[in-house]
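Q: Just passing along the structure, written as structure tokens.
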Amino acid sequence: MFDTIHEECGVFGIYTRERSDVASSTYFALYALQHRGQESCGIAVNDRGVITCRKDVGLVPEVFHKDTLTQLGQGTMAIGHCRYSTTGSSSPINAQPLVVRHCKGPLALAHNGNLVNAQELRQQLELNGAIFHTTNDSEVISYIITRERLLSPSIEEAVAKAMYTIKGAYSLVIMSPQKLMAVRDPHGFRPLCIGRLPDDGGYVFASESCALDTLGVEFVRDVEPGEIVIADENGLRSIRTHCGGPSSICVFEYVYFARPDSVIEGVSVHEARQRAGRLLYRENPQEADVVIGVPDSGLDAALGYAKESGIPYGVGFIKNRYIGRTFIQPTQGQREDAVRIKLNVIKETVQGKRVVMVDDSIVRGTTCARIVRLLREAGAKEVHFAVTCPPFINPCYFGTDIDSREHLIACRMSIPEIAKQIDVDSLTYLSVEGVRSIAKGAHCGFCTGCFTGEYPVEVPDEMPKSKFEHKIEKKPR
């Protein structure tokens, strides 16, 4: 609906030693991860080796009700998924988890990320007789794993072998009849963490630690890049044959994707965003009367900017929390009004003042222009826009819906031209060096390919190039 970047999905898995209401636990965890995907969701429950799955298009409370969770029944394991589509259309058939039934037993899988060689693998599999039911690359992963399972003594060894074939970003939770596994690609593009159930002695896996907090689960650690973690009746163990290489988590997890109350790779997302705001001011100091943030990810950064600059922090916008992604705008006029419905300016905060507005990114430029217009109409004397990441100038191949340079305003306009287009008095971006340092102390490296064009792995040259020359101007220091 709005001019924002979207991440593909969130995953969750739970293993318990005794039969329990694992479906409800997964439901609450998906609620906590809803921000990672609002198009579809699903839960698969394992009861004595029998896997039952329920999934559909919609938000978690729209798809699951008390009766639905009761029908899923109790079990010792469950996995869950909430999805925003970056590959594959938004339809019930592409909802996850995927459940595969084969001669070595059933398998359920939930995937966060994108493969860079999915199309190539899919063609190979189809030429060998494979029939696909979805249009997403998660099904490719399930095919590769089940193919390796036929020649492997265990499901975890099949997964380890499959990792030599699949390339790109994948954080997976995989459920077999007796085991629950968490798998992270060797570069660790997407987050995945481990928690311990307080009484049962079981374990959970989740995209973010906020899901663990929702369930009252003890955080253990992050899954390492390249690691396969197995939870079964013998406890927790791992396979590290793919570990040890350079890591490169998507830096936008800290800028925008993750919830501020999550901790990723040892760093609080809330603190990282405040640090981004501090660095923004250090790199581009601006005189103003008030600093405001665009809800939600801009709020922490605005607070950091205000602390560093000494400029008072103010609440500039009230956000309507009841507009979902399915909000319909059938006419151009209604599309123009969509921002007004979602955000309302507090006039007393900005009227007659020089305002610094902090937000996480500019993609196409349409939404931020409308937000600026709201501030002008509310009486802001000046509007200075500060962005907590560098300009987007390249596609993402690892699970973020930046699909083409032609859709990116920074690929066809210079920074002064963008500022004029969105009607701000000044426009500043955080530098590449700055965004790489916002998660101070993180136990990982970062992928900044969408800002630099330098990717941690080789990517396909198949996405359309912009017809415009790249004209990003270096910011004055």
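Chains: A, B, ... in order of the structure tokens. Residues: from 1 per chain. Ligands: from 1, in order shown.
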So that each row is one residue of stretch 242-295 of chain A with an atom at most 12 Å from stretch 384-403 of chain A, can you give its shortest atom pair and the distance in Å to one decimal, using only C-alpha atoms, rows by chain and rising number, as a Markdown table?

A:
```
| residue | atom | partner | partner_atom | distance |
| --- | --- | --- | --- | --- |
| A:Ser248 | CA | A:Phe398 | CA | 11.1 |
| A:Ile249 | CA | A:Phe398 | CA | 10.2 |
| A:Cys250 | CA | A:Phe398 | CA | 8.5 |
| A:Val251 | CA | A:Cys389 | CA | 9.3 |
| A:Phe252 | CA | A:Cys389 | CA | 8.3 |
| A:Glu253 | CA | A:Thr400 | CA | 10.4 |
| A:Tyr254 | CA | A:Thr388 | CA | 10.3 |
| A:Val255 | CA | A:Thr388 | CA | 7.0 |
| A:Tyr256 | CA | A:Thr388 | CA | 9.3 |
| A:Phe257 | CA | A:Thr400 | CA | 9.7 |
| A:Ala272 | CA | A:Thr388 | CA | 10.6 |
| A:Arg273 | CA | A:Thr388 | CA | 8.1 |
| A:Gln274 | CA | A:Thr388 | CA | 9.8 |
| A:Arg275 | CA | A:Thr388 | CA | 9.6 |
| A:Ala276 | CA | A:Thr388 | CA | 5.9 |
| A:Gly277 | CA | A:Thr388 | CA | 6.6 |
| A:Arg278 | CA | A:Thr388 | CA | 9.7 |
| A:Leu279 | CA | A:Thr388 | CA | 8.6 |
| A:Leu280 | CA | A:Thr388 | CA | 6.7 |
| A:Tyr281 | CA | A:Ala386 | CA | 8.6 |
| A:Arg282 | CA | A:Ala386 | CA | 11.7 |
| A:Glu283 | CA | A:Ala386 | CA | 10.6 |
| A:Asn284 | CA | A:Ala386 | CA | 8.6 |
| A:Pro285 | CA | A:Ala386 | CA | 10.1 |
| A:Gln286 | CA | A:His384 | CA | 8.1 |
| A:Glu287 | CA | A:His384 | CA | 9.4 |
| A:Ala288 | CA | A:His384 | CA | 8.4 |
| A:Asp289 | CA | A:His384 | CA | 10.9 |
| A:Val290 | CA | A:His384 | CA | 10.4 |
| A:Val291 | CA | A:His384 | CA | 9.4 |
| A:Ile292 | CA | A:Phe385 | CA | 10.0 |
| A:Gly293 | CA | A:Ala386 | CA | 9.5 |
| A:Val294 | CA | A:Val387 | CA | 10.4 |
```

Q: Between atom CA of A:Leu236 and atom CA of A:Tyr203, what is the spacing in Å?

A: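 Between these atoms lies a distance of 8.0 Å.
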
Q: Could you make a table, as a tab-separated table, of the residues of stretch 251-333 of chain A that have an atom within 8 Å of an atom of stretch 208-227 of chain A, each with its nearest atom pair and distance in Å to one decimal, counting only C-alpha atoms, in chain and number order?

A:
```
residue	atom	partner	partner_atom	distance
A:Ala258	CA	A:Glu208	CA	7.3
A:Arg259	CA	A:Cys210	CA	7.2
A:Asp261	CA	A:Cys210	CA	6.1
A:Ser262	CA	A:Cys210	CA	4.9
A:Val263	CA	A:Ser209	CA	6.0
A:Ile264	CA	A:Glu208	CA	7.2
A:Glu265	CA	A:Asp222	CA	6.4
```

Q: With only C-alpha atoms as the basis for distance, which of A:Phe64, A:Tyr313, A:Phe189, A:Tyr31 is at the shortest distance from A:Gly168?

A: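 Once distances to A:Gly168 are computed over only C-alpha atoms, the minimum belongs to A:Phe189.
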
Q: Can you write out as JSON lines which residues of stretch 142-220 of chain A fall within 12 Å of stretch 433-454 of chain A, alongside each residue's closest atom pair and its distance in Å to one decimal, counting only C-alpha atoms and ordering rows by chain and ascending residue number?

A:
```
{"residue": "A:Gly168", "atom": "CA", "partner": "A:Cys447", "partner_atom": "CA", "distance": 12.0}
{"residue": "A:Ala169", "atom": "CA", "partner": "A:Cys447", "partner_atom": "CA", "distance": 11.1}
{"residue": "A:Pro186", "atom": "CA", "partner": "A:Cys444", "partner_atom": "CA", "distance": 11.7}
{"residue": "A:His187", "atom": "CA", "partner": "A:Gly445", "partner_atom": "CA", "distance": 8.8}
{"residue": "A:Gly188", "atom": "CA", "partner": "A:Cys444", "partner_atom": "CA", "distance": 8.5}
{"residue": "A:Phe189", "atom": "CA", "partner": "A:Cys447", "partner_atom": "CA", "distance": 7.3}
{"residue": "A:Arg190", "atom": "CA", "partner": "A:Cys447", "partner_atom": "CA", "distance": 10.3}
{"residue": "A:Pro191", "atom": "CA", "partner": "A:Cys444", "partner_atom": "CA", "distance": 10.9}
```

Q: Can you pull out every residue within 9 Å of A:Ile318, counting only C-alpha atoms, but drop anything in the same chain fewer than 6 positions away, and send it as a CSV table (one decimal) with C-alpha atoms, in the first residue's frame?

A:
```
chain,number,residue,atom,x,y,z
A,295,PRO,CA,6.4,5.6,12.8
A,342,LYS,CA,-2.6,6.1,8.2
A,343,LEU,CA,-0.8,9.1,9.7
A,344,ASN,CA,-2.0,12.3,11.3
A,345,VAL,CA,0.2,15.2,12.3
A,346,ILE,CA,0.2,16.8,15.7
```

Q: Considering only C-alpha atoms, state which residue in the set A:Ala182, A:Asp296, A:Leu127, A:Lys347 is at the smallest distance from A:His35.

A: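 Selected residue with least distance to A:His35: A:Asp296.
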
Q: Record the distance separating atom CA of A:Asp21 and atom CA of A:Gly49, expressed in Å with one decimal.

A: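 Value for the atom CA of A:Asp21-atom CA of A:Gly49 distance: 15.7 Å.
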